[in-house]
Structures are given as structure tokens and as C-alpha cells.
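Enquirer: If it helps, the file is called protein.json and holds JSON, C-alpha atoms:
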[["chain", "number", "residue", "atom", "x", "y", "z"],
["A", 1, "MET", "CA", -58.50, -9.17, 20.97],
["A", 2, "ASN", "CA", -57.82, -6.09, 23.08],
["A", 3, "THR", "CA", -60.62, -5.18, 25.47],
["A", 4, "ILE", "CA", -61.96, -1.99, 27.02],
["A", 5, "SER", "CA", -61.27, -3.27, 30.53],
["A", 6, "GLU", "CA", -57.62, -3.97, 29.62],
["A", 7, "VAL", "CA", -57.27, -0.47, 28.18],
["A", 8, "ILE", "CA", -58.70, 1.07, 31.35],
["A", 9, "ARG", "CA", -56.57, -1.08, 33.69],
["A", 10, "ARG", "CA", -53.38, -0.20, 31.78],
["A", 11, "GLN", "CA", -54.27, 3.48, 31.72],
["A", 12, "PHE", "CA", -54.86, 3.48, 35.47],
["A", 13, "GLU", "CA", -51.47, 1.79, 35.98],
["A", 14, "PHE", "CA", -49.79, 4.31, 33.70],
["A", 15, "GLN", "CA", -51.48, 7.21, 35.48],
["A", 16, "GLU", "CA", -50.15, 6.00, 38.86],
["A", 17, "ASN", "CA", -46.64, 6.89, 37.71],
["A", 18, "MET", "CA", -47.48, 10.29, 36.28],
["A", 19, "ASN", "CA", -47.13, 13.54, 38.14],
["A", 20, "SER", "CA", -50.45, 15.03, 37.06],
["A", 21, "ASN", "CA", -53.82, 15.82, 38.57],
["A", 22, "LYS", "CA", -57.53, 15.71, 37.78],
["A", 23, "ALA", "CA", -57.75, 19.40, 36.82],
["A", 24, "GLU", "CA", -54.90, 19.02, 34.34],
["A", 25, "MET", "CA", -56.58, 15.96, 32.80],
["A", 26, "TYR", "CA", -59.94, 17.74, 32.58],
["A", 27, "LEU", "CA", -58.37, 20.72, 30.80],
["A", 28, "ALA", "CA", -56.58, 18.35, 28.42],
["A", 29, "LEU", "CA", -59.88, 16.61, 27.65],
["A", 30, "VAL", "CA", -61.57, 19.94, 26.91],
["A", 31, "ALA", "CA", -58.62, 20.94, 24.69],
["A", 32, "GLU", "CA", -59.00, 17.67, 22.75],
["A", 33, "LEU", "CA", -62.73, 18.35, 22.37],
["A", 34, "GLY", "CA", -61.83, 21.75, 20.92],
["A", 35, "GLU", "CA", -59.38, 20.13, 18.50],
["A", 36, "MET", "CA", -62.07, 17.66, 17.46],
["A", 37, "ILE", "CA", -64.56, 20.47, 16.83],
["A", 38, "ASP", "CA", -61.94, 22.36, 14.82],
["A", 39, "SER", "CA", -61.42, 19.21, 12.70],
["A", 40, "MET", "CA", -65.11, 19.17, 11.82],
["A", 41, "GLY", "CA", -64.70, 22.15, 9.49],
["A", 42, "VAL", "CA", -67.79, 23.85, 10.86],
["A", 43, "PHE", "CA", -66.49, 27.38, 11.20],
["A", 44, "THR", "CA", -67.52, 29.72, 8.40],
["A", 45, "TRP", "CA", -65.32, 32.57, 9.56],
["A", 46, "LYS", "CA", -62.07, 30.76, 8.76],
["A", 47, "PRO", "CA", -60.83, 28.34, 6.13],
["A", 48, "SER", "CA", -61.59, 24.84, 7.34],
["A", 49, "GLU", "CA", -62.40, 21.43, 5.98],
["A", 50, "ARG", "CA", -63.78, 18.36, 7.68],
["A", 51, "ASP", "CA", -60.97, 15.94, 8.61],
["A", 52, "ALA", "CA", -62.66, 12.64, 9.47],
["A", 53, "GLU", "CA", -59.38, 10.92, 10.36],
["A", 54, "ASN", "CA", -58.40, 13.63, 12.83],
["A", 55, "ILE", "CA", -61.90, 13.62, 14.35],
["A", 56, "GLU", "CA", -61.33, 9.96, 15.23],
["A", 57, "ILE", "CA", -57.86, 10.68, 16.65],
["A", 58, "GLU", "CA", -59.22, 13.46, 18.85],
["A", 59, "LEU", "CA", -62.13, 11.23, 19.94],
["A", 60, "ILE", "CA", -59.60, 8.61, 21.05],
["A", 61, "ASP", "CA", -57.61, 11.26, 22.94],
["A", 62, "ILE", "CA", -60.82, 12.37, 24.66],
["A", 63, "ALA", "CA", -61.37, 8.75, 25.78],
["A", 64, "VAL", "CA", -57.84, 8.55, 27.21],
["A", 65, "PHE", "CA", -58.23, 11.74, 29.21],
["A", 66, "ALA", "CA", -61.67, 10.63, 30.41],
["A", 67, "ILE", "CA", -60.07, 7.42, 31.72],
["A", 68, "ASN", "CA", -57.39, 9.51, 33.44],
["A", 69, "ILE", "CA", -60.05, 11.63, 35.14],
["A", 70, "ALA", "CA", -61.87, 8.47, 36.24],
["A", 71, "TYR", "CA", -58.60, 7.34, 37.82],
["A", 72, "TYR", "CA", -58.70, 10.42, 40.04],
["A", 73, "ASP", "CA", -62.40, 9.77, 40.77],
["A", 74, "ASP", "CA", -61.72, 6.81, 43.04],
["A", 75, "LYS", "CA", -60.61, 4.61, 40.14],
["A", 76, "ILE", "CA", -64.15, 4.13, 38.84],
["A", 77, "ASP", "CA", -63.72, 1.61, 36.02],
["A", 78, "LYS", "CA", -67.29, 0.53, 35.21],
["A", 79, "PRO", "CA", -69.78, 2.75, 33.40],
["A", 80, "SER", "CA", -73.21, 3.61, 34.70],
["A", 81, "LYS", "CA", -74.35, 3.79, 31.07],
["A", 82, "VAL", "CA", -72.92, 3.45, 27.59],
["A", 83, "VAL", "CA", -74.29, 5.88, 25.05],
["A", 84, "ASP", "CA", -74.50, 5.21, 21.32],
["A", 85, "LEU", "CA", -72.48, 7.95, 19.69],
["A", 86, "PRO", "CA", -74.33, 9.80, 16.93],
["A", 87, "CYS", "CA", -72.81, 10.12, 13.46],
["A", 88, "ASN", "CA", -73.78, 13.77, 13.10],
["A", 89, "ASP", "CA", -70.86, 16.01, 14.18],
["A", 90, "PHE", "CA", -72.97, 18.46, 16.19],
["A", 91, "GLU", "CA", -74.86, 15.68, 17.99],
["A", 92, "LEU", "CA", -71.56, 13.94, 18.76],
["A", 93, "VAL", "CA", -70.17, 17.09, 20.41],
["A", 94, "GLU", "CA", -73.45, 17.63, 22.24],
["A", 95, "THR", "CA", -73.40, 14.03, 23.55],
["A", 96, "ILE", "CA", -69.84, 14.38, 24.86],
["A", 97, "ILE", "CA", -70.64, 17.74, 26.48],
["A", 98, "ASN", "CA", -73.70, 16.22, 28.18],
["A", 99, "LEU", "CA", -71.59, 13.34, 29.50],
["A", 100, "LEU", "CA", -69.01, 15.85, 30.73],
["A", 101, "ALA", "CA", -71.74, 17.79, 32.51],
["A", 102, "SER", "CA", -72.91, 14.60, 34.24],
["A", 103, "ARG", "CA", -69.34, 14.02, 35.50],
["A", 104, "LYS", "CA", -69.50, 10.40, 34.37],
["A", 105, "TYR", "CA", -66.06, 10.37, 32.83],
["A", 106, "ILE", "CA", -65.77, 6.60, 32.54],
["A", 107, "ASP", "CA", -69.09, 6.66, 30.62],
["A", 108, "ILE", "CA", -67.42, 8.93, 28.05],
["A", 109, "ALA", "CA", -64.54, 6.51, 27.62],
["A", 110, "TYR", "CA", -66.77, 3.42, 27.40],
["A", 111, "SER", "CA", -69.15, 5.10, 24.96],
["A", 112, "ILE", "CA", -66.28, 6.01, 22.64],
["A", 113, "LEU", "CA", -64.48, 2.67, 22.93],
["A", 114, "ALA", "CA", -67.63, 0.56, 22.62],
["A", 115, "SER", "CA", -68.53, 2.32, 19.37],
["A", 116, "ASP", "CA", -65.68, 0.69, 17.40],
["A", 117, "GLN", "CA", -63.10, -2.03, 18.21],
["A", 118, "LYS", "CA", -60.64, 0.00, 16.15],
["A", 119, "TYR", "CA", -60.62, 2.63, 18.91],
["A", 120, "VAL", "CA", -59.66, 0.01, 21.50],
["A", 121, "ASP", "CA", -56.84, -1.19, 19.25],
["A", 122, "VAL", "CA", -55.62, 2.36, 18.59],
["A", 123, "ILE", "CA", -55.54, 3.20, 22.31],
["A", 124, "THR", "CA", -53.72, -0.06, 23.03],
["A", 125, "ALA", "CA", -51.04, 0.95, 20.52],
["A", 126, "LYS", "CA", -50.87, 4.49, 21.93],
["A", 127, "GLN", "CA", -50.51, 3.08, 25.44],
["A", 128, "ALA", "CA", -47.55, 0.95, 24.34],
["A", 129, "LEU", "CA", -45.96, 3.99, 22.68],
["A", 130, "ASN", "CA", -46.56, 6.17, 25.75],
["A", 131, "GLN", "CA", -44.92, 3.54, 27.96],
["A", 132, "LEU", "CA", -41.95, 3.32, 25.57],
["A", 133, "ARG", "CA", -41.63, 7.11, 25.69],
["A", 134, "GLN", "CA", -41.53, 7.06, 29.49],
["A", 135, "ASP", "CA", -39.13, 4.11, 29.62],
["A", 136, "TYR", "CA", -36.71, 5.94, 27.32],
["A", 137, "GLY", "CA", -36.69, 9.28, 29.10],
["A", 138, "TYR", "CA", -39.54, 11.35, 27.64],
["A", 139, "ARG", "CA", -39.95, 13.44, 30.81],
["A", 140, "GLU", "CA", -36.23, 14.08, 30.98],
["A", 141, "GLY", "CA", -36.09, 15.14, 27.33],
["A", 142, "LYS", "CA", -34.02, 12.11, 26.26],
["A", 143, "TYR", "CA", -36.63, 10.34, 24.13],
["A", 144, "LEU", "CA", -36.62, 11.10, 20.40],
["A", 145, "LYS", "CA", -40.15, 11.55, 18.99],
["A", 146, "ASP", "CA", -38.83, 12.11, 15.48],
["A", 147, "TRP", "CA", -38.35, 8.75, 13.82],
["A", 148, "ASN", "CA", -36.67, 9.19, 10.45],
["A", 149, "GLY", "CA", -38.41, 12.51, 9.83],
["A", 150, "LYS", "CA", -41.86, 11.44, 11.05],
["A", 151, "GLU", "CA", -43.51, 11.62, 14.47],
["A", 152, "ASP", "CA", -43.34, 8.31, 16.33],
["A", 153, "ASN", "CA", -47.12, 7.84, 16.48],
["A", 154, "THR", "CA", -47.29, 7.64, 12.68],
["A", 155, "TYR", "CA", -45.67, 4.20, 12.96],
["A", 156, "LEU", "CA", -48.54, 2.72, 14.98],
["A", 157, "GLU", "CA", -51.15, 1.88, 12.34],
["A", 158, "PRO", "CA", -49.59, -1.43, 11.17],
["A", 159, "LEU", "CA", -49.58, -2.53, 14.82],
["A", 160, "TYR", "CA", -53.31, -2.05, 15.45],
["A", 161, "GLY", "CA", -55.00, -5.26, 16.54],
["A", 162, "LYS", "CA", -51.86, -6.74, 18.10],
["A", 163, "SER", "CA", -51.55, -7.23, 21.83],
["A", 164, "TYR", "CA", -50.03, -4.54, 24.03],
["A", 165, "THR", "CA", -46.93, -6.66, 24.67],
["A", 166, "GLU", "CA", -46.40, -7.38, 20.96],
["A", 167, "ILE", "CA", -46.75, -3.70, 20.12],
["A", 168, "TYR", "CA", -44.40, -2.56, 22.89],
["A", 169, "ASP", "CA", -41.78, -5.15, 21.92],
["A", 170, "GLU", "CA", -41.89, -4.20, 18.23],
["A", 171, "LEU", "CA", -41.67, -0.49, 19.03],
["A", 172, "GLU", "CA", -38.79, -1.04, 21.44],
["A", 173, "VAL", "CA", -36.79, -3.08, 18.94],
["A", 174, "PHE", "CA", -37.38, -0.49, 16.21],
["A", 175, "TYR", "CA", -36.52, 2.42, 18.51],
["A", 176, "SER", "CA", -33.39, 0.82, 19.93],
["A", 177, "THR", "CA", -32.02, -0.40, 16.59],
["A", 178, "LYS", "CA", -33.20, 2.16, 14.02],
["A", 179, "ILE", "CA", -33.70, 5.39, 15.94],
["A", 180, "VAL", "CA", -31.17, 5.26, 18.79],
["A", 181, "PRO", "CA", -28.91, 2.27, 18.17],
["A", 182, "GLY", "CA", -27.71, 0.79, 21.43],
["A", 183, "SER", "CA", -30.38, 2.52, 23.52],
["A", 184, "LEU", "CA", -31.87, -0.80, 24.59],
["A", 185, "VAL", "CA", -28.64, -1.54, 26.40],
["A", 186, "ASN", "CA", -27.87, 1.97, 27.60],
["A", 187, "VAL", "CA", -31.30, 3.21, 28.63],
["A", 188, "PHE", "CA", -30.53, 3.13, 32.36],
["A", 189, "ASP", "CA", -26.99, 4.54, 32.13],
["A", 190, "ASP", "CA", -26.55, 8.11, 33.25]]
Please re-express this file's structure in C-alpha cells.

Expert:
Amino acid sequence: MNTISEVIRRQFEFQENMNSNKAEMYLALVAELGEMIDSMGVFTWKPSERDAENIEIELIDIAVFAINIAYYDDKIDKPSKVVDLPCNDFELVETIINLLASRKYIDIAYSILASDQKYVDVITAKQALNQLRQDYGYREGKYLKDWNGKEDNTYLEPLYGKSYTEIYDELEVFYSTKIVPGSLVNVFDD
């Protein structure tokens, strides 16, 4: 079973190799919060419907960016408190905003991840995909996100619950044989 501490450790390791900063991560977290709110279908001044699946996806993205911010806050990896997340959309947003205001970013991540093992498994799969992207030249524009007409992250769901290594290996084999044949051999050639 994938654990919260493994997710945080891997995310810290991943963040070490990224050329980003705390402000960028904070803005990304706020953007994800906005996307989550938009998915709640609460605005009466525009056509909108509640999208429960996307709310969960945005909640997971918020957790990832909260971990990234914690990395820049002296690599704090243990929460001071874990909050039960409310089911009501407004109360959920309010809880996350209150945690943001307290600057306890790792508490945000733990509160989200502790609420459902599925979130830990989803982040584990996303971490494997993000590593694959970097290993195959995402920053340089070499990685192909379009896998047979669908975005690469749409292939993750059957992998939820598997270990990080199993997920990465399966994604790498699929990418190198179905998406870019021969890329496994040629990835470091330039």
C-alpha cells in the first residue's frame, strides 16, 4: 500500500530537480483552488454544473502543490494537525483557505491525503507519470503528452493502487513501445 510519507518523500526528491520556487508553487496551488471552485458549479452568472470527479482531481493537485511549498519551507514533512475535510463544497473551500492562511502547507496535504487512500494512490501514479515526463524530455519539449489521441494522464486509472515502481515501469514500457517506439533506447541520444 502506498503511504502519505512515501508520497511526500518522492515529491521532495522530485522538487529538488525542478527549477521552480515557493512563490510559483503558491500561485499554482491558488490556481488549482480556483479550478476546484469552478468545478463546483456554484456560479449563477454563468453556465456551470458540479463536476465531482474534477473536484477530486483539483483537490489532489492542491495537495501536490502544498507538498511542494512545504519543501521550500525547510522540508517540513510532518503535520501539526490533520483536519477532517467537510463534504459540503463551501466548507471544503473554507477549510483549505483557513489552512492556507495558517501557512501550514503540509497540513493541507496530509488532510487531503488522509481523507481517502485513493488520493494517495492517484498522487503516486501522477508522480510516476511526472517522472516519466521529465526522463523523456518534457522540459525540452521532446515528451509527447498525446497518447493515441488522449492525454497521458488518462491512462493512469488502471494503475491506481500499484507501487510507484510498478506504475513507472508500466508507463515507460507503454510509452517506449506504443507512443515513441525505440525511445527507451534512444532517450539519452542527442

Enquirer: Would you compute the distance between CA of Asn153 (chain A) and CA of Gln134 (chain A)? Give it in Å to one decimal.

Expert: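 Between these atoms lies a distance of 14.2 Å.
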
Enquirer: Quick one: everything within 8 Å of region 131-133 of chain A, counting only C-alpha atoms, minus sequence neighbours fewer than 6 positions away in the same chain. Send it as an mmCIF file with C-alpha atoms, keeping the file's coordinate frame.

Expert:
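To be explicit, this is the file written out as around-v6.cif:
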data_model
loop_
_atom_site.group_PDB
_atom_site.id
_atom_site.type_symbol
_atom_site.label_atom_id
_atom_site.label_comp_id
_atom_site.auth_asym_id
_atom_site.auth_seq_id
_atom_site.Cartn_x
_atom_site.Cartn_y
_atom_site.Cartn_z
ATOM 1 C CA PHE A 14 -49.790 4.310 33.700
ATOM 2 C CA TYR A 143 -36.630 10.340 24.130
ATOM 3 C CA TYR A 168 -44.400 -2.560 22.890
ATOM 4 C CA LEU A 171 -41.670 -0.490 19.030
ATOM 5 C CA GLU A 172 -38.790 -1.040 21.440
#

Enquirer: I'd like to know which of A:Tyr71, A:Tyr175, A:Tyr155, A:Tyr160 is closest to Asp121 (chain A), using all atoms listed in the file.

Expert: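 Distance minimum relative to Asp121 (chain A) lands on A:Tyr160.
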
Enquirer: Go ahead and compute the interatomic distance for CA of Val83 (chain A) and CA of Ala109 (chain A), in Å to one decimal.

Expert: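 The value is 10.1 Å.
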
Enquirer: Restricting the calculation to all atoms listed in the file, which member of A:Asp116, A:Thr124, A:Val93, A:Lys150 is positioned closest to Thr165 (chain A)?

Expert: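 Result for the nearest residue to Thr165 (chain A): A:Thr124.
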
Enquirer: Counting all atoms listed in the file, what is within 12 Å of Glu53 (chain A), bar same-chain residues fewer than 4 positions away, as an NGL selection string?

Expert: :A and (36 or 39-40 or 49 or 57-60 or 119)

Enquirer: Using only C-alpha atoms, find the one residue out of A:Asp77, A:Glu166, A:Asp84, A:Glu140 that sits nearest to Ile106 (chain A).

Expert: A:Asp77

Enquirer: Figure out the distance between CA of Val122 (chain A) and CA of Ala28 (chain A), please, to one decimal in Å.

Expert: 18.8 Å

Enquirer: Rank A:Cys87, A:Leu100, A:Leu27, A:Leu159 by their smallest atom-to-atom distance to Lys118 (chain A), using only C-alpha atoms, and report the top residue only.

Expert: A:Leu159

Enquirer: Which residues are close to region 63-66 of chain A, i.e. within 8 Å by only C-alpha atoms, leaving aside same-chain residues fewer than 3 positions away? Reply as a PyMOL selection string.

Expert: chain A and resi 11+25-26+28-29+59-60+69-70+105-106+108-110+112-113+123

Enquirer: For Glu16 (chain A), which residue out of A:Lys75, A:Val173, A:Gly137, A:Ile55 is the nearest one, using all atoms listed in the file?

Expert: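 The shortest atom-to-atom distance to Glu16 (chain A) comes from A:Lys75.
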
Enquirer: Tell me which of A:Asp107, A:Asp74, A:Glu56, A:Glu91 sits closest to Glu35 (chain A), counting all atoms listed in the file.

Expert: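 Smallest separation from Glu35 (chain A) among the options: A:Glu56.
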
Enquirer: Could you please give me, as a list in words, the residues of protein, DNA or RNA lying at most 8 Å from (-37.8, 6.9, 17.3) in the coordinate frame of the file, considering all atoms listed in the file?

Expert: Tyr143, Leu144, Lys145, Asp146, Trp147, Asn148, Glu151, Asp152, Phe174, Tyr175, Ser176, Lys178, Ile179 and Val180 of chain A
